[in-house]
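What follows is a single structure, written as structure tokens, with notes after it.
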Amino acid sequence: MAFSTFVFDTLDVSCRLGRYLFQEVTGLKSGVKGWFGAAFGTTLTAGIPLVILFLAPEGGWIRFWTLFGASNQLLAALTLLTISAWLKDSQKPYWFTILPMFFILCITLWALSSLTFDNLAKSHGLDINLLNGILSLALIGLALYINGIGLWRLRLIKKT
């Protein structure tokens with residue numbers, strides 16, 4: 001039951017966030033256009049992963065599940081970095097959050113690198129392995145970019 005609740009909550013949150021992002025980007029967020037934007041955004045957000053999963057071979061979902069787990073760990077690292085910046089800006093000790101952030105970030109980037117090489121080595125043309133390898137590589141790039149900016153901003157916070 002706990003697993004089912006987790007899956008349903010995850011699907012609900014991701015569809016909701018995808019819909020909000022779609023409506024924000026397209027401007028379809030009020031009145032009759034808002035209804036269309038909400039319906040189309042939700043369909044697009046849920047539809048693309050469903051198509052990928054239905055076209056994937058048997059057991060292909062487990063490859064995406066590992067990628068989902070890695071993205072959650074990257075989110076944890078980003079959260080710890082944000083908390084570290086807030087603590088430093090508040091002139092409080094922040095090393096107890098920045099050290100676990102580096103640990104989580106390094107381990108997750110290592111796992112994503114392994115996942116990328118594994119998937120790209122197993123790919124045969126345009127298949128689920130290639131897609132998962134590209135997505136893993138994109139997550140690595142985004143993680144390095146966002147955490148690089150965060151660490152740069154953290155360095156710029158001055159002590160008064």
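Every chain in the structure tokens has a letter given in the order shown (A, B, ...), and although residue numbers restart at 1 in each chain, ligands are simply numbered from 1 in the order shown.
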When you look at segment 52-63 of chain A with a cut-off of 10 Å (counting only C-alpha atoms), what residues show up, excluding the ones that are within fewer than 2 positions of it in the same chain? I need them as a PyMOL selection string. chain A and resi 47-50+65-68+115+119+127-129+131-133
So that I can check the secondary structure, give me every residue of segment 55-103 of chain A assigned alpha helix (DSSP H) by backbone DSSP, as a PDB file with C-alpha atoms, in the first residue's frame.
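Contents of the output file result20.pdb:
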```
ATOM      1  CA  LEU A  55       7.005   1.239 -26.734  1.00  0.00           C
ATOM      2  CA  TRP A  61      10.481   0.471 -16.946  1.00  0.00           C
ATOM      3  CA  ILE A  62      13.256  -0.518 -14.540  1.00  0.00           C
ATOM      4  CA  ARG A  63      15.788   1.496 -16.562  1.00  0.00           C
ATOM      5  CA  PHE A  64      13.653   4.604 -16.189  1.00  0.00           C
ATOM      6  CA  TRP A  65      13.070   3.854 -12.518  1.00  0.00           C
ATOM      7  CA  THR A  66      16.825   3.956 -11.833  1.00  0.00           C
ATOM      8  CA  LEU A  67      17.026   7.266 -13.697  1.00  0.00           C
ATOM      9  CA  PHE A  68      14.130   8.584 -11.591  1.00  0.00           C
ATOM     10  CA  GLY A  69      15.968   7.552  -8.412  1.00  0.00           C
ATOM     11  CA  ALA A  70      19.111   9.357  -9.543  1.00  0.00           C
ATOM     12  CA  SER A  71      17.144  12.520 -10.296  1.00  0.00           C
ATOM     13  CA  ASN A  72      15.677  12.396  -6.777  1.00  0.00           C
ATOM     14  CA  GLN A  73      19.178  12.219  -5.317  1.00  0.00           C
ATOM     15  CA  LEU A  74      20.227  15.200  -7.435  1.00  0.00           C
ATOM     16  CA  LEU A  75      17.255  17.083  -6.043  1.00  0.00           C
ATOM     17  CA  ALA A  76      18.437  16.224  -2.521  1.00  0.00           C
ATOM     18  CA  ALA A  77      21.905  17.607  -3.321  1.00  0.00           C
ATOM     19  CA  LEU A  78      20.380  20.804  -4.713  1.00  0.00           C
ATOM     20  CA  THR A  79      18.193  21.160  -1.626  1.00  0.00           C
ATOM     21  CA  LEU A  80      21.214  20.803   0.662  1.00  0.00           C
ATOM     22  CA  LEU A  81      23.072  23.402  -1.408  1.00  0.00           C
ATOM     23  CA  THR A  82      20.141  25.810  -1.112  1.00  0.00           C
ATOM     24  CA  ILE A  83      19.976  25.279   2.648  1.00  0.00           C
ATOM     25  CA  SER A  84      23.744  25.820   2.868  1.00  0.00           C
ATOM     26  CA  ALA A  85      23.450  29.147   1.032  1.00  0.00           C
ATOM     27  CA  TRP A  86      20.608  30.213   3.321  1.00  0.00           C
ATOM     28  CA  LEU A  87      22.597  29.254   6.418  1.00  0.00           C
ATOM     29  CA  LYS A  88      25.683  31.113   5.204  1.00  0.00           C
ATOM     30  CA  ASP A  89      23.596  34.170   4.328  1.00  0.00           C
ATOM     31  CA  TRP A  95      29.351  22.877   6.871  1.00  0.00           C
ATOM     32  CA  PHE A  96      26.993  20.240   8.266  1.00  0.00           C
ATOM     33  CA  THR A  97      24.829  20.634   5.132  1.00  0.00           C
ATOM     34  CA  ILE A  98      27.491  21.329   2.507  1.00  0.00           C
ATOM     35  CA  LEU A  99      29.531  18.187   3.264  1.00  0.00           C
ATOM     36  CA  PRO A 100      26.585  15.765   2.776  1.00  0.00           C
ATOM     37  CA  MET A 101      25.696  17.747  -0.363  1.00  0.00           C
ATOM     38  CA  PHE A 102      29.130  17.013  -1.858  1.00  0.00           C
ATOM     39  CA  PHE A 103      28.834  13.348  -0.889  1.00  0.00           C
TER      40      PHE A 103
END
```
Identify, on the basis of only C-alpha atoms, every residue whose closest approach to Gln23 of chain A does not exceed 10 Å; exclude the query and any residue fewer than 4 positions from it along the same chain; express the result as JSON, numbers by chain. {"A": [17, 18, 19, 27, 28, 29, 30, 33, 34, 35, 36, 37, 38, 39, 40, 41, 42]}
Please produce a file of the residues just selected, as a PDB file, in the first residue's frame, where the atoms kept are C-alpha atoms.
```
ATOM      1  CA  LEU A  17       3.994  20.458 -12.171  1.00  0.00           C
ATOM      2  CA  GLY A  18       4.171  19.625 -15.878  1.00  0.00           C
ATOM      3  CA  ARG A  19       0.780  21.208 -16.407  1.00  0.00           C
ATOM      4  CA  GLY A  27       0.380  31.619 -21.393  1.00  0.00           C
ATOM      5  CA  LEU A  28      -2.715  29.372 -21.456  1.00  0.00           C
ATOM      6  CA  LYS A  29      -3.606  29.806 -17.806  1.00  0.00           C
ATOM      7  CA  SER A  30      -6.872  31.707 -17.437  1.00  0.00           C
ATOM      8  CA  LYS A  33      -7.741  29.014 -22.533  1.00  0.00           C
ATOM      9  CA  GLY A  34      -6.820  27.958 -18.999  1.00  0.00           C
ATOM     10  CA  TRP A  35      -9.027  24.880 -19.248  1.00  0.00           C
ATOM     11  CA  PHE A  36      -7.484  23.947 -22.582  1.00  0.00           C
ATOM     12  CA  GLY A  37      -3.978  24.650 -21.288  1.00  0.00           C
ATOM     13  CA  ALA A  38      -4.597  22.505 -18.192  1.00  0.00           C
ATOM     14  CA  ALA A  39      -6.013  19.594 -20.189  1.00  0.00           C
ATOM     15  CA  PHE A  40      -3.387  19.756 -22.924  1.00  0.00           C
ATOM     16  CA  GLY A  41      -0.523  20.244 -20.461  1.00  0.00           C
ATOM     17  CA  THR A  42      -1.615  17.271 -18.359  1.00  0.00           C
TER      18      THR A  42
END
```
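In terms of minimum interatomic distance to Ser114 of chain A, A:Ile140 ranks closest within A:Ile140, A:Leu21, A:Leu126, A:Ile149, counting only C-alpha atoms.
As for atom CA of Lys92 of chain A and atom CA of Ile157 of chain A, they are spaced 12.2 Å apart.
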